[in-house]
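Colleague: Handing over work-v2.cif, mmCIF, C-alpha atoms.
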data_structure
#
loop_
_atom_site.group_PDB
_atom_site.id
_atom_site.type_symbol
_atom_site.label_atom_id
_atom_site.label_comp_id
_atom_site.auth_asym_id
_atom_site.auth_seq_id
_atom_site.Cartn_x
_atom_site.Cartn_y
_atom_site.Cartn_z
ATOM 1 C CA LEU A 206 86.504 -94.262 29.857
ATOM 2 C CA VAL A 207 83.456 -92.627 31.436
ATOM 3 C CA PHE A 208 85.704 -89.839 32.713
ATOM 4 C CA PHE A 209 86.938 -89.056 29.204
ATOM 5 C CA LEU A 210 83.411 -89.213 27.777
ATOM 6 C CA VAL A 211 82.425 -86.505 30.264
ATOM 7 C CA LEU A 212 85.657 -84.514 29.956
ATOM 8 C CA ILE A 213 85.768 -84.236 26.167
ATOM 9 C CA PRO A 214 82.325 -82.569 25.696
ATOM 10 C CA ALA A 215 83.105 -80.209 28.576
ATOM 11 C CA ALA A 216 86.435 -79.278 27.013
ATOM 12 C CA VAL A 217 84.799 -78.709 23.629
ATOM 13 C CA TYR A 218 82.125 -76.504 25.215
ATOM 14 C CA ILE A 219 84.726 -74.389 27.030
ATOM 15 C CA LEU A 220 86.796 -74.046 23.870
ATOM 16 C CA TRP A 221 83.717 -73.129 21.830
ATOM 17 C CA THR A 222 82.265 -70.680 24.336
ATOM 18 C CA TRP A 223 85.401 -68.876 25.478
ATOM 19 C CA GLY A 224 88.364 -70.070 23.434
ATOM 20 C CA VAL A 225 87.080 -69.263 19.947
ATOM 21 C CA PRO A 226 85.777 -65.748 20.787
ATOM 22 C CA ALA A 227 89.015 -64.918 22.643
ATOM 23 C CA LEU A 228 91.100 -66.141 19.702
ATOM 24 C CA ALA A 229 88.947 -64.144 17.262
ATOM 25 C CA ASP A 230 89.399 -60.989 19.344
ATOM 26 C CA ARG A 231 93.181 -61.414 19.468
ATOM 27 C CA VAL A 232 93.430 -61.978 15.723
ATOM 28 C CA THR A 233 91.051 -59.126 14.909
ATOM 29 C CA ASP A 234 93.107 -56.644 16.907
ATOM 30 C CA ARG A 235 96.082 -57.466 14.673
ATOM 31 C CA VAL A 236 94.326 -57.276 11.302
ATOM 32 C CA PRO A 237 95.635 -54.324 9.233
ATOM 33 C CA VAL A 238 93.092 -51.685 8.277
ATOM 34 C CA ALA A 239 94.236 -52.042 4.657
ATOM 35 C CA TRP A 240 93.135 -55.696 4.676
ATOM 36 C CA GLU A 241 89.715 -54.726 6.026
ATOM 37 C CA GLU A 242 89.391 -52.066 3.324
ATOM 38 C CA LYS A 243 90.128 -54.554 0.541
ATOM 39 C CA LEU A 244 87.600 -56.996 1.959
ATOM 40 C CA GLY A 245 84.988 -54.257 2.280
ATOM 41 C CA ASP A 246 85.601 -53.089 -1.293
ATOM 42 C CA THR A 247 85.056 -56.638 -2.552
ATOM 43 C CA ILE A 248 81.796 -57.055 -0.657
ATOM 44 C CA LEU A 249 80.539 -53.625 -1.722
ATOM 45 C CA SER A 250 81.190 -54.346 -5.407
ATOM 46 C CA ALA A 251 78.981 -57.427 -5.118
ATOM 47 C CA LEU A 252 76.150 -55.516 -3.439
ATOM 48 C CA ILE A 253 75.897 -52.261 -5.356
ATOM 49 C CA ASN A 254 76.334 -51.109 -8.939
ATOM 50 C CA LYS A 255 78.608 -48.075 -8.945
ATOM 51 C CA LYS A 256 77.595 -47.282 -12.539
ATOM 52 C CA THR A 257 74.220 -46.041 -11.272
ATOM 53 C CA PRO A 258 75.219 -43.354 -8.776
ATOM 54 C CA THR A 259 73.054 -41.997 -6.002
ATOM 55 C CA PRO A 260 71.435 -38.618 -6.842
ATOM 56 C CA ALA A 261 73.823 -35.841 -5.876
ATOM 57 C CA GLU A 262 71.458 -34.116 -3.433
ATOM 58 C CA VAL A 263 70.866 -37.389 -1.578
ATOM 59 C CA GLN A 264 74.557 -38.305 -1.451
ATOM 60 C CA ASN A 265 75.484 -34.804 -0.280
ATOM 61 C CA THR A 266 72.980 -35.111 2.559
ATOM 62 C CA LEU A 267 74.309 -38.524 3.578
ATOM 63 C CA ASP A 268 77.856 -37.152 3.522
ATOM 64 C CA ALA A 269 76.879 -34.106 5.588
ATOM 65 C CA ILE A 270 75.286 -36.247 8.302
ATOM 66 C CA THR A 271 78.285 -38.589 8.288
ATOM 67 C CA GLY A 272 80.705 -35.682 8.540
ATOM 68 C CA ARG A 273 78.877 -34.284 11.563
ATOM 69 C CA LEU A 274 79.029 -37.664 13.276
ATOM 70 C CA LEU A 275 82.693 -38.243 12.467
ATOM 71 C CA SER A 276 83.616 -34.881 13.978
ATOM 72 C CA ALA A 277 82.995 -36.591 17.308
ATOM 73 C CA ILE A 278 85.688 -39.265 16.718
ATOM 74 C CA PRO A 279 88.480 -37.578 14.726
ATOM 75 C CA GLU A 280 91.171 -40.110 15.682
ATOM 76 C CA GLN A 281 89.586 -43.237 14.180
ATOM 77 C CA PRO A 282 91.603 -44.840 11.308
ATOM 78 C CA TYR A 283 88.841 -45.548 8.780
ATOM 79 C CA ARG A 284 87.604 -43.570 5.785
ATOM 80 C CA ILE A 285 83.884 -43.922 6.424
ATOM 81 C CA GLN A 286 81.747 -43.833 3.268
ATOM 82 C CA VAL A 287 77.959 -44.142 3.210
ATOM 83 C CA HIS A 288 76.279 -45.608 0.131
ATOM 84 C CA LEU A 289 72.599 -45.798 -0.786
ATOM 85 C CA HIS A 290 71.106 -49.008 -2.178
ATOM 86 C CA PRO A 291 67.712 -48.478 -3.888
ATOM 87 C CA ALA A 292 66.162 -51.693 -2.546
ATOM 88 C CA SER A 293 63.073 -51.246 -0.376
ATOM 89 C CA VAL A 294 64.546 -53.311 2.435
ATOM 90 C CA VAL A 295 64.446 -51.608 5.833
ATOM 91 C CA ASN A 296 68.082 -52.183 6.631
ATOM 92 C CA ALA A 297 71.590 -50.837 6.958
ATOM 93 C CA MET A 298 74.875 -52.680 7.160
ATOM 94 C CA ALA A 299 78.463 -51.906 8.043
ATOM 95 C CA LEU A 300 81.128 -53.572 5.932
ATOM 96 C CA PRO A 301 84.712 -54.114 7.046
ATOM 97 C CA GLY A 302 87.013 -51.201 6.350
ATOM 98 C CA GLY A 303 84.602 -48.267 6.405
ATOM 99 C CA HIS A 304 81.756 -48.775 3.917
ATOM 100 C CA ILE A 305 78.213 -48.383 5.258
ATOM 101 C CA LEU A 306 75.255 -49.380 3.117
ATOM 102 C CA VAL A 307 71.857 -47.741 3.734
ATOM 103 C CA PHE A 308 68.824 -49.144 1.945
ATOM 104 C CA GLN A 309 66.116 -46.907 0.551
ATOM 105 C CA GLY A 310 63.490 -48.685 2.630
ATOM 106 C CA LEU A 311 65.188 -47.499 5.806
ATOM 107 C CA LEU A 312 65.558 -44.008 4.410
ATOM 108 C CA ASN A 313 61.843 -43.977 3.573
ATOM 109 C CA ILE A 314 60.761 -44.569 7.182
ATOM 110 C CA SER A 315 63.057 -41.865 8.555
ATOM 111 C CA GLU A 316 61.400 -38.485 9.077
ATOM 112 C CA SER A 317 64.384 -36.325 9.889
ATOM 113 C CA PRO A 318 68.177 -36.209 9.532
ATOM 114 C CA GLU A 319 68.389 -36.813 13.298
ATOM 115 C CA GLU A 320 66.628 -40.161 12.900
ATOM 116 C CA LEU A 321 68.951 -41.297 10.130
ATOM 117 C CA ALA A 322 71.940 -40.034 12.128
ATOM 118 C CA GLY A 323 70.952 -42.447 14.909
ATOM 119 C CA VAL A 324 71.262 -45.452 12.606
ATOM 120 C CA LEU A 325 74.439 -44.160 10.986
ATOM 121 C CA ALA A 326 76.046 -43.614 14.404
ATOM 122 C CA HIS A 327 75.223 -47.221 15.250
ATOM 123 C CA GLU A 328 76.725 -48.491 11.989
ATOM 124 C CA VAL A 329 79.846 -46.323 12.307
ATOM 125 C CA GLN A 330 80.480 -47.985 15.653
ATOM 126 C CA HIS A 331 80.276 -51.400 14.001
ATOM 127 C CA VAL A 332 83.120 -50.239 11.737
ATOM 128 C CA VAL A 333 85.396 -48.650 14.330
ATOM 129 C CA LYS A 334 84.840 -51.512 16.802
ATOM 130 C CA ARG A 335 85.641 -53.963 13.972
ATOM 131 C CA HIS A 336 82.503 -55.987 14.610
ATOM 132 C CA SER A 337 82.171 -57.263 11.043
ATOM 133 C CA THR A 338 85.802 -58.300 10.876
ATOM 134 C CA ARG A 339 85.575 -59.980 14.276
ATOM 135 C CA GLY A 340 82.466 -61.864 13.191
ATOM 136 C CA ILE A 341 84.144 -63.099 10.003
ATOM 137 C CA ILE A 342 87.253 -64.273 11.840
ATOM 138 C CA ARG A 343 85.158 -65.902 14.526
ATOM 139 C CA ALA A 344 83.149 -67.792 11.896
ATOM 140 C CA LEU A 345 86.362 -69.013 10.285
ATOM 141 C CA ALA A 346 87.739 -70.131 13.650
ATOM 142 C CA SER A 347 84.500 -71.943 14.450
ATOM 143 C CA SER A 348 84.556 -73.710 11.083
ATOM 144 C CA MET A 349 88.130 -74.811 11.641
ATOM 145 C CA LEU A 350 87.240 -76.156 15.090
ATOM 146 C CA ILE A 351 84.384 -78.196 13.660
ATOM 147 C CA THR A 352 86.682 -79.620 10.995
ATOM 148 C CA LEU A 353 89.407 -80.509 13.507
ATOM 149 C CA MET A 354 87.013 -82.013 16.034
ATOM 150 C CA VAL A 355 84.601 -83.773 13.705
ATOM 151 C CA GLY A 356 85.862 -84.106 10.158
ATOM 152 C CA ASP A 357 83.682 -86.632 8.322
ATOM 153 C CA VAL A 358 83.575 -89.151 11.141
ATOM 154 C CA ASN A 359 80.677 -88.104 13.316
ATOM 155 C CA ASN A 360 77.947 -86.209 11.519
ATOM 156 C CA ALA A 361 75.735 -86.140 14.609
ATOM 157 C CA MET A 362 78.384 -84.380 16.680
ATOM 158 C CA GLY A 363 78.964 -81.979 13.810
ATOM 159 C CA THR A 364 75.294 -81.058 13.778
ATOM 160 C CA VAL A 365 75.344 -80.398 17.519
ATOM 161 C CA LEU A 366 78.403 -78.180 17.189
ATOM 162 C CA GLU A 367 76.875 -76.241 14.300
ATOM 163 C CA LEU A 368 73.694 -75.612 16.282
ATOM 164 C CA ALA A 369 75.745 -74.550 19.279
ATOM 165 C CA GLY A 370 77.653 -72.193 17.028
ATOM 166 C CA GLN A 371 74.452 -70.615 15.779
ATOM 167 C CA MET A 372 73.195 -70.036 19.323
ATOM 168 C CA GLU A 373 76.508 -68.631 20.525
ATOM 169 C CA GLY A 374 76.803 -66.541 17.369
ATOM 170 C CA LEU A 375 73.411 -64.930 18.087
ATOM 171 C CA ARG A 376 74.518 -64.006 21.592
ATOM 172 C CA PHE A 377 77.786 -62.632 20.285
ATOM 173 C CA SER A 378 75.941 -60.572 17.677
ATOM 174 C CA ARG A 379 73.643 -59.055 20.267
ATOM 175 C CA GLU A 380 76.614 -58.127 22.432
ATOM 176 C CA MET A 381 78.037 -56.233 19.465
ATOM 177 C CA GLU A 382 74.663 -54.611 18.824
ATOM 178 C CA ASN A 383 74.446 -53.405 22.422
ATOM 179 C CA GLU A 384 77.963 -51.953 22.199
ATOM 180 C CA ALA A 385 77.116 -50.211 18.914
ATOM 181 C CA ASP A 386 73.956 -48.768 20.503
ATOM 182 C CA ALA A 387 75.762 -47.363 23.530
ATOM 183 C CA GLU A 388 78.782 -46.029 21.658
ATOM 184 C CA GLY A 389 76.567 -44.711 18.874
ATOM 185 C CA MET A 390 74.542 -42.736 21.402
ATOM 186 C CA ARG A 391 77.755 -41.301 22.854
ATOM 187 C CA MET A 392 78.737 -40.223 19.350
ATOM 188 C CA ILE A 393 75.364 -38.525 18.937
ATOM 189 C CA PHE A 394 75.964 -36.562 22.151
ATOM 190 C CA LYS A 395 79.489 -35.527 21.158
ATOM 191 C CA ALA A 396 78.253 -34.353 17.754
ATOM 192 C CA GLY A 397 75.557 -32.212 19.389
ATOM 193 C CA ILE A 398 72.705 -34.065 17.662
ATOM 194 C CA ASP A 399 69.304 -34.530 19.283
ATOM 195 C CA PRO A 400 69.394 -38.107 20.685
ATOM 196 C CA GLN A 401 65.615 -38.453 20.462
ATOM 197 C CA GLY A 402 66.049 -39.039 16.737
ATOM 198 C CA MET A 403 67.860 -42.304 17.420
ATOM 199 C CA VAL A 404 65.228 -43.330 19.955
ATOM 200 C CA SER A 405 62.308 -42.589 17.636
ATOM 201 C CA LEU A 406 63.821 -44.441 14.669
ATOM 202 C CA PHE A 407 64.454 -47.586 16.696
ATOM 203 C CA ALA A 408 60.961 -47.310 18.169
ATOM 204 C CA LYS A 409 59.630 -47.385 14.587
ATOM 205 C CA LEU A 410 61.730 -50.451 13.881
ATOM 206 C CA ARG A 411 60.267 -52.061 16.987
ATOM 207 C CA ALA A 412 56.730 -51.388 15.770
ATOM 208 C CA ILE A 413 57.571 -52.807 12.336
ATOM 209 C CA GLU A 414 59.074 -55.871 13.998
ATOM 210 C CA GLU A 415 55.904 -56.449 15.996
ATOM 211 C CA ASN A 416 53.793 -56.209 12.842
ATOM 212 C CA SER A 417 56.136 -58.565 11.038
ATOM 213 C CA LEU A 418 56.007 -61.138 13.824
ATOM 214 C CA SER A 419 52.232 -60.990 13.814
ATOM 215 C CA GLY A 420 52.243 -61.692 10.076
ATOM 216 C CA LEU A 421 50.743 -58.321 9.210
ATOM 217 C CA GLY A 422 53.739 -56.287 8.190
ATOM 218 C CA ASN A 423 56.033 -58.359 6.004
ATOM 219 C CA LYS A 424 54.949 -56.493 2.889
ATOM 220 C CA ILE A 425 53.324 -53.195 2.103
ATOM 221 C CA PRO A 426 51.823 -52.224 -1.268
ATOM 222 C CA GLN A 427 54.406 -52.385 -4.005
ATOM 223 C CA GLU A 428 55.972 -49.248 -5.345
ATOM 224 C CA GLN A 429 56.158 -48.780 -9.079
ATOM 225 C CA GLY A 430 59.214 -50.548 -10.427
ATOM 226 C CA ASP A 431 59.735 -52.624 -7.278
ATOM 227 C CA ALA A 432 58.863 -56.163 -8.242
ATOM 228 C CA GLU A 433 59.328 -57.660 -4.786
ATOM 229 C CA GLY A 434 57.835 -54.861 -2.734
ATOM 230 C CA PRO A 435 59.370 -53.497 0.448
ATOM 231 C CA GLN A 436 60.417 -56.167 2.920
ATOM 232 C CA TRP A 437 60.033 -54.504 6.262
ATOM 233 C CA SER A 438 61.514 -57.062 8.636
ATOM 234 C CA GLU A 439 65.024 -57.533 7.251
ATOM 235 C CA TYR A 440 66.647 -55.205 9.798
ATOM 236 C CA PHE A 441 65.990 -57.681 12.585
ATOM 237 C CA SER A 442 68.163 -60.583 11.385
ATOM 238 C CA THR A 443 71.047 -59.289 13.508
ATOM 239 C CA HIS A 444 69.613 -55.980 14.770
ATOM 240 C CA PRO A 445 67.177 -57.001 17.519
ATOM 241 C CA ALA A 446 64.886 -54.005 18.100
ATOM 242 C CA GLY A 447 62.942 -55.368 21.040
ATOM 243 C CA LYS A 448 61.127 -53.266 23.588
ATOM 244 C CA GLY A 449 64.021 -53.589 26.027
ATOM 245 C CA ARG A 450 66.430 -52.200 23.491
ATOM 246 C CA VAL A 451 64.301 -49.132 22.815
ATOM 247 C CA GLU A 452 63.970 -48.520 26.553
ATOM 248 C CA ARG A 453 67.749 -48.727 26.984
ATOM 249 C CA LEU A 454 68.218 -46.172 24.219
ATOM 250 C CA ARG A 455 65.606 -43.916 25.809
ATOM 251 C CA GLN A 456 67.417 -44.088 29.154
ATOM 252 C CA LEU A 457 70.759 -43.342 27.509
ATOM 253 C CA ALA A 458 69.200 -40.330 25.774
ATOM 254 C CA GLU A 459 67.712 -39.012 29.020
ATOM 255 C CA ASN A 460 70.807 -39.621 31.152
ATOM 256 C CA GLY A 461 73.191 -37.938 28.735
ATOM 257 C CA ALA A 462 71.336 -34.707 28.043
ATOM 258 C CA VAL A 463 73.593 -32.179 26.297
ATOM 259 C CA GLU A 464 73.161 -29.016 24.300
ATOM 260 C CA THR A 465 72.185 -29.853 20.729
ATOM 261 C CA ARG A 466 72.016 -27.900 17.502
ATOM 262 C CA PRO A 467 69.847 -28.581 14.434
ATOM 263 C CA LEU A 468 71.130 -31.087 11.897
ATOM 264 C CA LEU A 469 70.698 -29.878 8.291
ATOM 265 C CA PRO A 470 67.742 -27.551 9.000
ATOM 266 C CA ASP A 471 67.659 -26.315 5.386
ATOM 267 C CA VAL A 472 67.272 -29.782 3.827
ATOM 268 C CA ASP A 473 63.835 -30.795 2.567
ATOM 269 C CA TRP A 474 63.781 -34.307 4.014
ATOM 270 C CA GLY A 475 61.030 -35.367 1.654
ATOM 271 C CA THR A 476 63.568 -35.432 -1.179
ATOM 272 C CA MET A 477 65.357 -38.257 0.621
ATOM 273 C CA HIS A 478 62.316 -40.481 0.217
ATOM 274 C CA LYS A 479 62.534 -40.524 -3.543
ATOM 275 C CA LYS A 480 63.588 -43.891 -4.834
ATOM 276 C CA PRO A 481 66.506 -43.849 -7.326
ATOM 277 C CA PRO A 482 65.116 -45.063 -10.668
ATOM 278 C CA GLU A 483 68.100 -47.179 -11.693
ATOM 279 C CA LYS A 484 68.198 -50.853 -10.762
ATOM 280 C CA GLN A 485 71.145 -52.129 -8.776
ATOM 281 C CA LYS A 486 72.727 -55.555 -8.612
ATOM 282 C CA PRO A 487 70.595 -58.014 -6.626
ATOM 283 C CA LEU A 488 71.692 -58.581 -3.055
ATOM 284 C CA LEU A 489 73.752 -61.686 -2.360
ATOM 285 C CA ASN A 490 71.478 -62.184 0.628
ATOM 286 C CA LYS A 491 69.339 -59.939 2.754
ATOM 287 C CA LYS A 492 71.011 -60.445 6.100
ATOM 288 C CA THR A 493 73.259 -57.837 7.576
ATOM 289 C CA ILE A 494 76.927 -58.576 8.043
#
Take the structure I supplied and represent it as structure tokens, if you would.

Modeller:
Amino acid sequence: LVFFLVLIPAAVYILWTWGVPALADRVTDRVPVAWEEKLGDTILSALINKKTPTPAEVQNTLDAITGRLLSAIPEQPYRIQVHLHPASVVNAMALPGGHILVFQGLLNISESPEELAGVLAHEVQHVVKRHSTRGIIRALASSMLITLMVGDVNNAMGTVLELAGQMEGLRFSREMENEADAEGMRMIFKAGIDPQGMVSLFAKLRAIEENSLSGLGNKIPQEQGDAEGPQWSEYFSTHPAGKGRVERLRQLAENGAVETRPLLPDVDWGTMHKKPPEKQKPLLNKKTI
């Protein structure tokens, strides 16, 4: 009896730690792109109101930066589309199937197209590496495991498994973030974009994170028409921007020096900081996917 009491938790831990992620990876690799696109369309429709379009000059700039980045990976199967949400959240998110959502708050802290390109390269890698889809499938697999193992019999064990899932999910998310950083930087190099833009933007996010953690930077003075005010720390729910991360990006930028050419030198970047006047649908939640 004692043997089985020891064996069962060990088996559950092994299944949870290695079995579920491996199963999620296998299933994700077989998911059709068309299914991801439908899922992404559904999520996007809940997050943004297409009846209030982004100003043409802003959308054209977003498309131009995206096109430059995508020239570095012409064989990928997705139709990448970048959308602007007028909320003052400092955030960006990649949806399954090719949609990328950039929030005005993030756009406002960027000072050049090279800085924004750094974030977009990161988010494009989330799409092409299927990170969002993998995370969704992994969450479903984890939920099924809890149901099969626990059901309604042992609430205490269920709580332990849920907490374990949250811890393992954080580690898994950071692994995906590190992959998106490294592959995003490679994309920046291939597109001939100055990599220091990516480094400087994430350094800003690090500084904002430090202010937020100290309780000094959660809000800044409200902009007219923004009832909640900018919420500066939202990017860090699944995008850890710690000092170590910025240093890794800086090393990648220095070790992969290539010839670069200006990105949109004729664009007045100040026009990108203007907040669209129309209100969008409220976010379902403010965590990235």

Colleague: Leu289 in chain A: which residues within 8 Å, counting all atoms listed in the file, same-chain residues fewer than 5 positions away excluded, as a JSON list (two decimals) with C-alpha atoms, in the coordinates of the input?

Modeller:
[["chain", "number", "residue", "atom", "x", "y", "z"],
["A", 259, "THR", "CA", 73.05, -42.00, -6.00],
["A", 264, "GLN", "CA", 74.56, -38.30, -1.45],
["A", 306, "LEU", "CA", 75.26, -49.38, 3.12],
["A", 307, "VAL", "CA", 71.86, -47.74, 3.73],
["A", 308, "PHE", "CA", 68.82, -49.14, 1.94],
["A", 309, "GLN", "CA", 66.12, -46.91, 0.55]]

Colleague: Apply the PyMOL selection byres ((chain A and resi 406) around 12) to the displayed file and report the matching residues as a VMD selection string.

Modeller: chain A and resid 295 to 296 311 to 325 327 400 to 405 407 to 413 446 451 454 to 455

Colleague: Report the centre and edge lengths, in Å to one decimal, of an axis-aligned box enclosing every atom of range 265-284 of chain A listed in the file, padded by 8 Å on each side, as lines of an AutoDock Vina configuration file.

Modeller:
center_x = 82.3
center_y = -39.8
center_z = 8.5
size_x = 34.6
size_y = 27.4
size_z = 33.6

Colleague: I'd like the interatomic distance between CA of Ser250 in chain A and CA of Ala292 in chain A, to a tenth of an Å.

Modeller: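 Interatomic distance here is 15.5 Å.
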
Colleague: Can you pull out every residue within 9 Å of range 224-240 of chain A, counting all atoms listed in the file, but drop anything in the same chain fewer than 4 positions away, and send it as a list in words?

Modeller: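 The residues that qualify are Ile219, Leu220, Leu244, Gly245, Pro282, Tyr283, Pro301, Gly302, Arg335, Thr338, Arg339, Gly340, Ile341, Ile342, Arg343, Ala344, Leu345, Ala346, Ser347, Leu350 and Phe377 of chain A.
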
Colleague: Please produce a file of the residues just selected, as a tab-separated table (two decimals), in the coordinates of the input, where the atoms kept are C-alpha atoms.

Modeller:
chain	number	residue	atom	x	y	z
A	219	ILE	CA	84.73	-74.39	27.03
A	220	LEU	CA	86.80	-74.05	23.87
A	244	LEU	CA	87.60	-57.00	1.96
A	245	GLY	CA	84.99	-54.26	2.28
A	282	PRO	CA	91.60	-44.84	11.31
A	283	TYR	CA	88.84	-45.55	8.78
A	301	PRO	CA	84.71	-54.11	7.05
A	302	GLY	CA	87.01	-51.20	6.35
A	335	ARG	CA	85.64	-53.96	13.97
A	338	THR	CA	85.80	-58.30	10.88
A	339	ARG	CA	85.58	-59.98	14.28
A	340	GLY	CA	82.47	-61.86	13.19
A	341	ILE	CA	84.14	-63.10	10.00
A	342	ILE	CA	87.25	-64.27	11.84
A	343	ARG	CA	85.16	-65.90	14.53
A	344	ALA	CA	83.15	-67.79	11.90
A	345	LEU	CA	86.36	-69.01	10.28
A	346	ALA	CA	87.74	-70.13	13.65
A	347	SER	CA	84.50	-71.94	14.45
A	350	LEU	CA	87.24	-76.16	15.09
A	377	PHE	CA	77.79	-62.63	20.28

Colleague: Kindly indicate which residue among A:Pro258, A:Pro291, A:Gly303, A:Pro279 lies nearest to Lys243 in chain A, using all atoms listed in the file for the distances.

Modeller: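 Smallest separation from Lys243 in chain A among the options: A:Gly303.
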
Colleague: Could you tell me how far CA of Gln286 in chain A sits from CA of Leu267 in chain A, in Å to one decimal place?

Modeller: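 Computed distance, CA of Leu267 in chain A to CA of Gln286 in chain A, equals 9.1 Å.
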
Colleague: Which one is closest to Gly449 in chain A: A:Asn254, A:Asn383, A:Asn416, A:Thr266? Count all atoms listed in the file.

Modeller: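 Checking each candidate against Gly449 in chain A, we get A:Asn383 as the closest.
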
Colleague: Identify which of the residues A:Ala462, A:Leu249, A:Ala396, A:Ala387 lies closest to Thr271 in chain A, counting all atoms listed in the file when measuring atom-to-atom distances.

Modeller: A:Ala396

Colleague: Interatomic distance between CA of Gly475 in chain A and CA of Ile253 in chain A?

Modeller: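 According to the coordinates, CA of Gly475 in chain A and CA of Ile253 in chain A are separated by 23.6 Å.
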
Colleague: Using only C-alpha atoms, pick whichever of A:Glu459, A:Glu328, A:Glu464, A:Glu380 has the shortest atom-to-atom distance to Gly397 in chain A.

Modeller: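 Of all the options, A:Glu464 lies closest to Gly397 in chain A.
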
Colleague: Which one of A:Arg284, A:His290, A:Arg466, A:Lys479 sits closest to Ala251 in chain A if you count only C-alpha atoms?

Modeller: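 Once distances to Ala251 in chain A are computed over only C-alpha atoms, the minimum belongs to A:His290.
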
Colleague: Between A:Pro467, A:Gly389, A:Gly272, A:Gly461, single out the one closest to His331 in chain A, counting all atoms listed in the file.

Modeller: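 So, comparing all the options, the nearest one is A:Gly389.
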